[in-house]
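Reproduced below: query35.cif, with mmCIF, C-alpha atoms.
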data_upload
#
loop_
_atom_site.group_PDB
_atom_site.id
_atom_site.type_symbol
_atom_site.label_atom_id
_atom_site.label_comp_id
_atom_site.auth_asym_id
_atom_site.auth_seq_id
_atom_site.Cartn_x
_atom_site.Cartn_y
_atom_site.Cartn_z
ATOM 1 C CA MET Z 1087 -28.972 8.515 39.285
ATOM 2 C CA ASN Z 1088 -28.824 7.249 35.731
ATOM 3 C CA ALA Z 1089 -25.691 9.351 35.268
ATOM 4 C CA GLY Z 1090 -23.999 7.715 38.249
ATOM 5 C CA ALA Z 1091 -24.955 9.980 41.143
ATOM 6 C CA ASN Z 1092 -24.981 8.430 44.591
ATOM 7 C CA CYS Z 1093 -26.582 11.381 46.344
ATOM 8 C CA GLY Z 1094 -30.083 12.778 46.042
ATOM 9 C CA ILE Z 1095 -31.216 16.246 47.017
ATOM 10 C CA THR Z 1096 -34.847 16.884 47.903
ATOM 11 C CA ALA Z 1097 -34.624 20.629 47.213
ATOM 12 C CA SER Z 1098 -36.109 21.142 50.667
ATOM 13 C CA TYR Z 1099 -32.717 22.073 52.098
ATOM 14 C CA GLN Z 1100 -33.782 25.722 52.259
ATOM 15 C CA ALA Z 1101 -37.131 24.963 53.888
ATOM 16 C CA THR Z 1102 -37.342 25.337 57.626
ATOM 17 C CA ILE Z 1103 -40.185 24.831 60.043
ATOM 18 C CA LEU Z 1104 -39.876 28.457 61.131
ATOM 19 C CA GLY Z 1105 -39.886 29.698 57.538
ATOM 20 C CA LEU Z 1106 -42.951 27.660 56.665
ATOM 21 C CA MET Z 1107 -44.703 28.869 59.809
ATOM 22 C CA LYS Z 1108 -43.941 32.482 58.813
ATOM 23 C CA ALA Z 1109 -45.588 31.648 55.481
ATOM 24 C CA GLY Z 1110 -48.750 30.675 57.342
ATOM 25 C CA TYR Z 1111 -48.389 26.938 57.942
ATOM 26 C CA SER Z 1112 -48.869 25.423 61.378
ATOM 27 C CA MET Z 1113 -45.948 23.631 63.010
ATOM 28 C CA ALA Z 1114 -47.528 20.250 62.241
ATOM 29 C CA GLU Z 1115 -48.077 21.219 58.590
ATOM 30 C CA ALA Z 1116 -44.508 22.505 58.270
ATOM 31 C CA GLU Z 1117 -43.080 19.284 59.708
ATOM 32 C CA ARG Z 1118 -45.256 17.231 57.369
ATOM 33 C CA ILE Z 1119 -44.134 19.213 54.303
ATOM 34 C CA ILE Z 1120 -40.452 18.616 55.049
ATOM 35 C CA GLN Z 1121 -41.047 14.939 55.860
ATOM 36 C CA GLN Z 1122 -42.976 14.482 52.604
ATOM 37 C CA ALA Z 1123 -40.084 15.851 50.539
ATOM 38 C CA VAL Z 1124 -37.753 13.209 51.939
ATOM 39 C CA GLN Z 1125 -40.391 10.471 51.689
ATOM 40 C CA LEU Z 1126 -40.990 11.273 47.993
ATOM 41 C CA PHE Z 1127 -37.286 10.996 47.275
ATOM 42 C CA MET Z 1128 -37.004 7.714 49.139
ATOM 43 C CA GLU Z 1129 -39.961 6.268 47.205
ATOM 44 C CA THR Z 1130 -38.427 7.434 43.929
ATOM 45 C CA ARG Z 1131 -35.096 5.891 44.913
ATOM 46 C CA GLN Z 1132 -36.796 2.565 45.645
ATOM 47 C CA GLU Z 1133 -38.556 2.602 42.274
ATOM 48 C CA TRP Z 1134 -35.284 3.397 40.524
ATOM 49 C CA LEU Z 1135 -33.510 0.568 42.337
ATOM 50 C CA LYS Z 1136 -36.233 -1.860 41.228
ATOM 51 C CA THR Z 1137 -35.556 -1.009 37.583
ATOM 52 C CA ASN Z 1138 -31.780 -0.912 38.066
ATOM 53 C CA PRO Z 1139 -30.942 -4.046 40.050
ATOM 54 C CA HIS Z 1140 -27.239 -3.691 39.205
ATOM 55 C CA ALA Z 1141 -27.071 -0.388 41.076
ATOM 56 C CA VAL Z 1142 -25.132 0.043 44.270
ATOM 57 C CA LEU Z 1143 -27.452 0.398 47.264
ATOM 58 C CA SER Z 1144 -25.474 3.241 48.806
ATOM 59 C CA LEU Z 1145 -27.632 6.108 47.550
ATOM 60 C CA PHE Z 1146 -27.647 8.853 50.137
ATOM 61 C CA VAL Z 1147 -30.462 11.271 50.951
#

Just dump the structure as structure tokens.
Amino acid sequence: MNAGANCGITASYQATILGLMKAGYSMAEAERIIQQAVQLFMETRQEWLKTNPHAVLSLFV
């Protein structure tokens, strides 16, 4: 974001509920893992925006 990006990638784009379940996670655990990846990015984005008040608010997830 410091370089001007307006899009963030959680690196969970390859994770799927089915794939995580095949790895031994329950459906609830798999859903939680994917949700946490997005939540972590959103929290990081909010922290970045606090320290960069001049930034445009249109950062996409």

What does the PyMOL selection byres ((chain Z and resi 1127) around 12) select in this file, as an mmCIF file with C-alpha atoms, in the coordinates of the input?
data_model
loop_
_atom_site.group_PDB
_atom_site.id
_atom_site.type_symbol
_atom_site.label_atom_id
_atom_site.label_comp_id
_atom_site.auth_asym_id
_atom_site.auth_seq_id
_atom_site.Cartn_x
_atom_site.Cartn_y
_atom_site.Cartn_z
ATOM 1 C CA MET Z 1087 -28.972 8.515 39.285
ATOM 2 C CA CYS Z 1093 -26.582 11.381 46.344
ATOM 3 C CA GLY Z 1094 -30.083 12.778 46.042
ATOM 4 C CA ILE Z 1095 -31.216 16.246 47.017
ATOM 5 C CA THR Z 1096 -34.847 16.884 47.903
ATOM 6 C CA ALA Z 1097 -34.624 20.629 47.213
ATOM 7 C CA SER Z 1098 -36.109 21.142 50.667
ATOM 8 C CA ILE Z 1120 -40.452 18.616 55.049
ATOM 9 C CA GLN Z 1121 -41.047 14.939 55.860
ATOM 10 C CA GLN Z 1122 -42.976 14.482 52.604
ATOM 11 C CA ALA Z 1123 -40.084 15.851 50.539
ATOM 12 C CA VAL Z 1124 -37.753 13.209 51.939
ATOM 13 C CA GLN Z 1125 -40.391 10.471 51.689
ATOM 14 C CA LEU Z 1126 -40.990 11.273 47.993
ATOM 15 C CA MET Z 1128 -37.004 7.714 49.139
ATOM 16 C CA GLU Z 1129 -39.961 6.268 47.205
ATOM 17 C CA THR Z 1130 -38.427 7.434 43.929
ATOM 18 C CA ARG Z 1131 -35.096 5.891 44.913
ATOM 19 C CA GLN Z 1132 -36.796 2.565 45.645
ATOM 20 C CA GLU Z 1133 -38.556 2.602 42.274
ATOM 21 C CA TRP Z 1134 -35.284 3.397 40.524
ATOM 22 C CA LEU Z 1145 -27.632 6.108 47.550
ATOM 23 C CA PHE Z 1146 -27.647 8.853 50.137
ATOM 24 C CA VAL Z 1147 -30.462 11.271 50.951
#

Shell of 10 Å around Ala1101 of chain Z, all atoms listed in the file, local chain residues under 5 positions omitted, as a list in words: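 So the residues in contact are Leu1106, Ala1116, Ile1119 and Ile1120 of chain Z.
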
Point-to-point distance in Å for atom CA of Met1113 of chain Z and atom CA of Tyr1099 of chain Z: 17.2 Å

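Atom to atom, atom CA of Glu1117 of chain Z and atom CA of Thr1102 of chain Z stand 8.6 Å apart.
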
Pairwise distance for atom CA of Ile1103 of chain Z and atom CA of Ala1091 of chain Z, rounded to one decimal in Å: 28.5 Å
